[in-house]
Amino acid sequence: MSSGRRNGAVLPGWLAAAAFLLALFILGIYLWRDLTLPGRIEIRNLPDVIVENISFKRTIGAREWSVQAISAEHDSGTIRAASMDISIEESKAERAVRLNAVSGELVQESSNMVLYSINGFLETEGRSVSLRAPLVGYDGNEDVWTFGEGVEAADGDAYLSGRSARIEPGGIFILEKGVEAHWKLRD
């Protein structure tokens, strides 16, 4: 006769031992999985500084730069920011640029900047031109803006686009590769 009752209220001894060993095995798997998780953060992979809701102004040459960002982090000489608003005013030439970027990076040593997914306006001599580009680079040493992945510029009278473009010192706007232009003639 087996150990236990025949009506099924108590399991036979070997079946109870097997169920206990199976439960112990499953518990061991979960325990091993939890103990081998990479739970430690390596401090050397953290940025030097992280800030939120940052805003600053700087005068570079004859231009007044204003920058606001929802968050920014500094790591090894590079500043990465999210949700940026940039305003650049040049009062002597009566020019201004206002840009909104999803994110951006600034390399402090070279003053080079990359902005991702921008929308904005170029304002000069009473004219406002809207600007859209997926990627914009700024070379601080050469004072040149580059649009390597395309750009669209438009106002009420004209539309310009190209797969590549740059803005050189003095406001010279050069479109290249697959240029498209539409404009209205004024009376």
# chains A, B, ... in the order shown; residues from 1 in each chain; ligands from 1
>>> residues_around(residues="Glu149 of chain A", least_positions_apart="6", cutoff="8 Å", atoms="only C-alpha atoms", output="list in words")
Ala133, Pro134, Leu135, Arg163 and Ser164 of chain A
>>> write_last_selection(atoms="all heavy atoms", output="mmCIF file, in the first residue's frame")
data_model
loop_
_atom_site.group_PDB
_atom_site.id
_atom_site.type_symbol
_atom_site.label_atom_id
_atom_site.label_comp_id
_atom_site.auth_asym_id
_atom_site.auth_seq_id
_atom_site.Cartn_x
_atom_site.Cartn_y
_atom_site.Cartn_z
ATOM 1 N N ALA A 133 15.242 71.447 -41.788
ATOM 2 C CA ALA A 133 16.324 70.536 -42.172
ATOM 3 C C ALA A 133 16.439 69.412 -41.148
ATOM 4 O O ALA A 133 16.236 69.638 -39.960
ATOM 5 C CB ALA A 133 17.648 71.288 -42.273
ATOM 6 N N PRO A 134 16.787 68.202 -41.616
ATOM 7 C CA PRO A 134 16.954 67.100 -40.668
ATOM 8 C C PRO A 134 18.267 67.159 -39.893
ATOM 9 O O PRO A 134 18.349 66.649 -38.785
ATOM 10 C CB PRO A 134 16.909 65.852 -41.557
ATOM 11 C CG PRO A 134 17.227 66.326 -42.927
ATOM 12 C CD PRO A 134 16.835 67.760 -43.004
ATOM 13 N N LEU A 135 19.302 67.786 -40.463
ATOM 14 C CA LEU A 135 20.612 67.823 -39.827
ATOM 15 C C LEU A 135 21.339 69.093 -40.242
ATOM 16 O O LEU A 135 21.437 69.393 -41.427
ATOM 17 C CB LEU A 135 21.437 66.601 -40.257
ATOM 18 C CG LEU A 135 22.856 66.501 -39.725
ATOM 19 C CD1 LEU A 135 22.833 66.189 -38.233
ATOM 20 C CD2 LEU A 135 23.613 65.420 -40.477
ATOM 21 N N ARG A 163 19.409 69.067 -51.693
ATOM 22 C CA ARG A 163 19.880 67.938 -50.872
ATOM 23 C C ARG A 163 21.109 68.311 -50.065
ATOM 24 O O ARG A 163 21.483 67.611 -49.131
ATOM 25 C CB ARG A 163 20.169 66.743 -51.765
ATOM 26 C CG ARG A 163 18.901 66.110 -52.329
ATOM 27 C CD ARG A 163 19.191 64.785 -52.988
ATOM 28 N NE ARG A 163 20.268 64.865 -53.944
ATOM 29 C CZ ARG A 163 20.159 64.652 -55.244
ATOM 30 N NH1 ARG A 163 19.007 64.328 -55.743
ATOM 31 N NH2 ARG A 163 21.205 64.736 -56.033
ATOM 32 N N SER A 164 21.749 69.408 -50.415
ATOM 33 C CA SER A 164 22.927 69.874 -49.698
ATOM 34 C C SER A 164 22.957 71.395 -49.792
ATOM 35 O O SER A 164 22.597 71.958 -50.815
ATOM 36 C CB SER A 164 24.186 69.269 -50.327
ATOM 37 O OG SER A 164 25.343 69.768 -49.700
#
>>> closest_atom_pairs(of="segment 6-124 of chain A", to="segment 165-186 of chain A", cutoff="10 Å", atoms="only C-alpha atoms", output="Markdown table")
| residue | atom | partner | partner_atom | distance |
| --- | --- | --- | --- | --- |
| A:Ala93 | CA | A:Gly170 | CA | 9.0 |
| A:Arg95 | CA | A:Gly171 | CA | 9.0 |
| A:Thr124 | CA | A:Gly171 | CA | 9.5 |
>>> atom_distance(atom1="atom CA of Ser71 of chain A", atom2="atom CA of Glu105 of chain A")
11.9 Å
>>> select_by_dssp(residues="segment 18-176 of chain A", states="strand (DSSP E or B)", output="ChimeraX atom specification")
/A:49-60,63-75,78-90,95-107,112-124,127-139,144-147,151-154,158-162,164-168,172-176
>>> atom_distance(atom1="atom CA of Gly77 of chain A", atom2="atom CA of Gly104 of chain A")
14.0 Å
>>> atom_distance(atom1="atom CA of Asp157 of chain A", atom2="atom CA of Tyr138 of chain A")
27.5 Å
>>> closest_residue(among="A:Leu35, A:Ala154, A:Val97, A:Ala62", to="Ser130 of chain A", atoms="only C-alpha atoms")
A:Ala154
>>> residues_around(residues="segment 112-114 of chain A", least_positions_apart="4", cutoff="12 Å", atoms="only C-alpha atoms", output="number ranges by chain")
A: 77-81, 84, 86, 101-108, 118, 133-148
>>> write_last_selection(atoms="C-alpha atoms", output="CSV table (one decimal), in the first residue's frame")
chain,number,residue,atom,x,y,z
A,77,GLY,CA,34.1,68.1,-23.8
A,78,THR,CA,30.8,67.5,-25.6
A,79,ILE,CA,27.5,69.0,-24.6
A,80,ARG,CA,24.4,67.1,-25.7
A,81,ALA,CA,21.0,68.8,-25.3
A,84,MET,CA,16.6,73.3,-28.0
A,86,ILE,CA,18.4,78.9,-30.4
A,101,ALA,CA,15.9,71.6,-32.7
A,102,VAL,CA,14.9,68.2,-31.3
A,103,SER,CA,18.4,67.7,-30.1
A,104,GLY,CA,22.0,68.9,-30.6
A,105,GLU,CA,25.6,68.5,-29.7
A,106,LEU,CA,28.3,71.1,-29.1
A,107,VAL,CA,32.0,70.2,-29.0
A,108,GLN,CA,33.5,72.8,-26.7
A,118,ILE,CA,15.4,71.8,-37.0
A,133,ALA,CA,16.3,70.5,-42.2
A,134,PRO,CA,17.0,67.1,-40.7
A,135,LEU,CA,20.6,67.8,-39.8
A,136,VAL,CA,22.5,71.1,-39.5
A,137,GLY,CA,26.2,71.5,-38.7
A,138,TYR,CA,27.9,74.7,-37.6
A,139,ASP,CA,31.7,75.2,-37.9
A,140,GLY,CA,32.5,77.8,-35.2
A,141,ASN,CA,36.0,78.4,-36.6
A,142,GLU,CA,34.9,79.0,-40.2
A,143,ASP,CA,31.5,80.5,-39.3
A,144,VAL,CA,29.8,78.2,-41.8
A,145,TRP,CA,26.5,76.4,-41.5
A,146,THR,CA,26.1,73.1,-43.5
A,147,PHE,CA,23.0,71.2,-44.4
A,148,GLY,CA,24.2,67.8,-45.4
>>> residues_around(residues="Asp48 of chain A", least_positions_apart="2", cutoff="9 Å", atoms="only C-alpha atoms", output="list in words")
Leu46, Ile50, Glu73, His74, Asp75 and Ser76 of chain A
>>> closest_atom_pairs(of="segment 82-156 of chain A", to="segment 63-67 of chain A", cutoff="8 Å", atoms="only C-alpha atoms", output="Markdown table")
| residue | atom | partner | partner_atom | distance |
| --- | --- | --- | --- | --- |
| A:Met84 | CA | A:Val67 | CA | 7.0 |
| A:Asp85 | CA | A:Val67 | CA | 5.8 |
| A:Ile86 | CA | A:Val67 | CA | 4.6 |
| A:Ser87 | CA | A:Ser66 | CA | 5.1 |
| A:Ile88 | CA | A:Trp65 | CA | 4.6 |
| A:Glu89 | CA | A:Glu64 | CA | 5.1 |
| A:Glu90 | CA | A:Arg63 | CA | 4.7 |
| A:Ser91 | CA | A:Arg63 | CA | 7.5 |
>>> write_last_selection(atoms="N, CA and C atoms", output="compact mmCIF listing (two decimals), in the first residue's frame")
# COMPACT_ATOMS: atom_id res chain seq x y z
N MET A 84 15.87 72.03 -28.03
CA MET A 84 16.61 73.30 -27.97
C MET A 84 15.90 74.42 -28.74
N ASP A 85 15.96 75.61 -28.18
CA ASP A 85 15.55 76.85 -28.86
C ASP A 85 16.78 77.72 -28.93
N ILE A 86 17.15 78.11 -30.15
CA ILE A 86 18.36 78.91 -30.36
C ILE A 86 17.98 80.19 -31.09
N SER A 87 18.45 81.30 -30.59
CA SER A 87 18.24 82.60 -31.21
C SER A 87 19.60 83.25 -31.39
N ILE A 88 19.89 83.69 -32.63
CA ILE A 88 21.15 84.35 -32.94
C ILE A 88 20.81 85.68 -33.59
N GLU A 89 21.23 86.76 -32.95
CA GLU A 89 20.92 88.10 -33.48
C GLU A 89 22.20 88.84 -33.81
N GLU A 90 22.18 89.47 -34.97
CA GLU A 90 23.29 90.28 -35.43
C GLU A 90 22.72 91.67 -35.73
N SER A 91 22.75 92.56 -34.74
CA SER A 91 22.05 93.83 -34.85
C SER A 91 22.62 94.76 -35.92
>>> select_by_dssp(residues="segment 2-187 of chain A", states="alpha helix (DSSP H)", output="JSON, numbers by chain")
{"A": [13, 14, 15, 16, 17, 18, 19, 20, 21, 22, 23, 24, 25, 26, 27, 28, 29, 30, 31, 32, 33, 34, 35]}
>>> write_last_selection(atoms="N, CA, C and O atoms", output="PDB file, in the first residue's frame")
ATOM      1  N   GLY A  13       4.348   9.669  -1.677  1.00  0.00           N
ATOM      2  CA  GLY A  13       5.624  10.221  -1.230  1.00  0.00           C
ATOM      3  C   GLY A  13       6.549  10.596  -2.373  1.00  0.00           C
ATOM      4  O   GLY A  13       7.155  11.666  -2.382  1.00  0.00           O
ATOM      5  N   TRP A  14       6.697   9.741  -3.362  1.00  0.00           N
ATOM      6  CA  TRP A  14       7.611  10.037  -4.473  1.00  0.00           C
ATOM      7  C   TRP A  14       7.118  11.199  -5.308  1.00  0.00           C
ATOM      8  O   TRP A  14       7.890  12.014  -5.799  1.00  0.00           O
ATOM      9  N   LEU A  15       5.773  11.336  -5.466  1.00  0.00           N
ATOM     10  CA  LEU A  15       5.193  12.435  -6.243  1.00  0.00           C
ATOM     11  C   LEU A  15       5.344  13.753  -5.487  1.00  0.00           C
ATOM     12  O   LEU A  15       5.650  14.781  -6.086  1.00  0.00           O
ATOM     13  N   ALA A  16       5.182  13.739  -4.193  1.00  0.00           N
ATOM     14  CA  ALA A  16       5.364  14.939  -3.372  1.00  0.00           C
ATOM     15  C   ALA A  16       6.819  15.385  -3.420  1.00  0.00           C
ATOM     16  O   ALA A  16       7.117  16.582  -3.544  1.00  0.00           O
ATOM     17  N   ALA A  17       7.748  14.416  -3.356  1.00  0.00           N
ATOM     18  CA  ALA A  17       9.171  14.761  -3.433  1.00  0.00           C
ATOM     19  C   ALA A  17       9.516  15.340  -4.801  1.00  0.00           C
ATOM     20  O   ALA A  17      10.278  16.312  -4.921  1.00  0.00           O
ATOM     21  N   ALA A  18       8.954  14.776  -5.873  1.00  0.00           N
ATOM     22  CA  ALA A  18       9.206  15.279  -7.233  1.00  0.00           C
ATOM     23  C   ALA A  18       8.649  16.697  -7.384  1.00  0.00           C
ATOM     24  O   ALA A  18       9.290  17.577  -7.983  1.00  0.00           O
ATOM     25  N   ALA A  19       7.453  16.945  -6.869  1.00  0.00           N
ATOM     26  CA  ALA A  19       6.859  18.290  -6.944  1.00  0.00           C
ATOM     27  C   ALA A  19       7.705  19.294  -6.165  1.00  0.00           C
ATOM     28  O   ALA A  19       7.928  20.427  -6.616  1.00  0.00           O
ATOM     29  N   PHE A  20       8.196  18.872  -4.990  1.00  0.00           N
ATOM     30  CA  PHE A  20       9.053  19.741  -4.186  1.00  0.00           C
ATOM     31  C   PHE A  20      10.354  20.053  -4.918  1.00  0.00           C
ATOM     32  O   PHE A  20      10.802  21.193  -4.974  1.00  0.00           O
ATOM     33  N   LEU A  21      10.990  19.026  -5.529  1.00  0.00           N
ATOM     34  CA  LEU A  21      12.240  19.242  -6.274  1.00  0.00           C
ATOM     35  C   LEU A  21      12.014  20.130  -7.506  1.00  0.00           C
ATOM     36  O   LEU A  21      12.847  20.976  -7.837  1.00  0.00           O
ATOM     37  N   LEU A  22      10.881  19.976  -8.193  1.00  0.00           N
ATOM     38  CA  LEU A  22      10.559  20.810  -9.342  1.00  0.00           C
ATOM     39  C   LEU A  22      10.373  22.263  -8.911  1.00  0.00           C
ATOM     40  O   LEU A  22      10.903  23.183  -9.553  1.00  0.00           O
ATOM     41  N   ALA A  23       9.654  22.476  -7.821  1.00  0.00           N
ATOM     42  CA  ALA A  23       9.464  23.841  -7.313  1.00  0.00           C
ATOM     43  C   ALA A  23      10.799  24.447  -6.898  1.00  0.00           C
ATOM     44  O   ALA A  23      11.078  25.623  -7.173  1.00  0.00           O
ATOM     45  N   LEU A  24      11.655  23.659  -6.258  1.00  0.00           N
ATOM     46  CA  LEU A  24      12.976  24.114  -5.852  1.00  0.00           C
ATOM     47  C   LEU A  24      13.832  24.454  -7.081  1.00  0.00           C
ATOM     48  O   LEU A  24      14.544  25.461  -7.102  1.00  0.00           O
ATOM     49  N   PHE A  25      13.745  23.643  -8.132  1.00  0.00           N
ATOM     50  CA  PHE A  25      14.481  23.876  -9.374  1.00  0.00           C
ATOM     51  C   PHE A  25      14.028  25.195 -10.034  1.00  0.00           C
ATOM     52  O   PHE A  25      14.855  26.009 -10.446  1.00  0.00           O
ATOM     53  N   ILE A  26      12.725  25.409 -10.122  1.00  0.00           N
ATOM     54  CA  ILE A  26      12.192  26.648 -10.713  1.00  0.00           C
ATOM     55  C   ILE A  26      12.601  27.860  -9.885  1.00  0.00           C
ATOM     56  O   ILE A  26      13.023  28.883 -10.427  1.00  0.00           O
ATOM     57  N   LEU A  27      12.519  27.745  -8.569  1.00  0.00           N
ATOM     58  CA  LEU A  27      12.960  28.826  -7.689  1.00  0.00           C
ATOM     59  C   LEU A  27      14.442  29.119  -7.898  1.00  0.00           C
ATOM     60  O   LEU A  27      14.875  30.278  -7.949  1.00  0.00           O
ATOM     61  N   GLY A  28      15.248  28.065  -8.069  1.00  0.00           N
ATOM     62  CA  GLY A  28      16.682  28.227  -8.319  1.00  0.00           C
ATOM     63  C   GLY A  28      16.948  28.952  -9.627  1.00  0.00           C
ATOM     64  O   GLY A  28      17.858  29.787  -9.712  1.00  0.00           O
ATOM     65  N   ILE A  29      16.172  28.651 -10.664  1.00  0.00           N
ATOM     66  CA  ILE A  29      16.338  29.350 -11.954  1.00  0.00           C
ATOM     67  C   ILE A  29      16.072  30.837 -11.791  1.00  0.00           C
ATOM     68  O   ILE A  29      16.847  31.678 -12.259  1.00  0.00           O
ATOM     69  N   TYR A  30      14.977  31.195 -11.139  1.00  0.00           N
ATOM     70  CA  TYR A  30      14.667  32.610 -10.934  1.00  0.00           C
ATOM     71  C   TYR A  30      15.720  33.299 -10.071  1.00  0.00           C
ATOM     72  O   TYR A  30      16.113  34.427 -10.336  1.00  0.00           O
ATOM     73  N   LEU A  31      16.170  32.626  -9.040  1.00  0.00           N
ATOM     74  CA  LEU A  31      17.195  33.192  -8.174  1.00  0.00           C
ATOM     75  C   LEU A  31      18.504  33.410  -8.950  1.00  0.00           C
ATOM     76  O   LEU A  31      19.119  34.467  -8.864  1.00  0.00           O
ATOM     77  N   TRP A  32      18.913  32.426  -9.758  1.00  0.00           N
ATOM     78  CA  TRP A  32      20.133  32.556 -10.569  1.00  0.00           C
ATOM     79  C   TRP A  32      19.995  33.704 -11.574  1.00  0.00           C
ATOM     80  O   TRP A  32      20.896  34.491 -11.762  1.00  0.00           O
ATOM     81  N   ARG A  33      18.826  33.815 -12.209  1.00  0.00           N
ATOM     82  CA  ARG A  33      18.596  34.892 -13.173  1.00  0.00           C
ATOM     83  C   ARG A  33      18.720  36.262 -12.502  1.00  0.00           C
ATOM     84  O   ARG A  33      19.362  37.174 -13.026  1.00  0.00           O
ATOM     85  N   ASP A  34      18.131  36.420 -11.335  1.00  0.00           N
ATOM     86  CA  ASP A  34      18.186  37.706 -10.636  1.00  0.00           C
ATOM     87  C   ASP A  34      19.588  38.037 -10.143  1.00  0.00           C
ATOM     88  O   ASP A  34      20.011  39.190 -10.165  1.00  0.00           O
ATOM     89  N   LEU A  35      20.324  37.032  -9.707  1.00  0.00           N
ATOM     90  CA  LEU A  35      21.672  37.285  -9.209  1.00  0.00           C
ATOM     91  C   LEU A  35      22.672  37.599 -10.314  1.00  0.00           C
ATOM     92  O   LEU A  35      23.698  38.216 -10.067  1.00  0.00           O
TER      93      LEU A  35
END
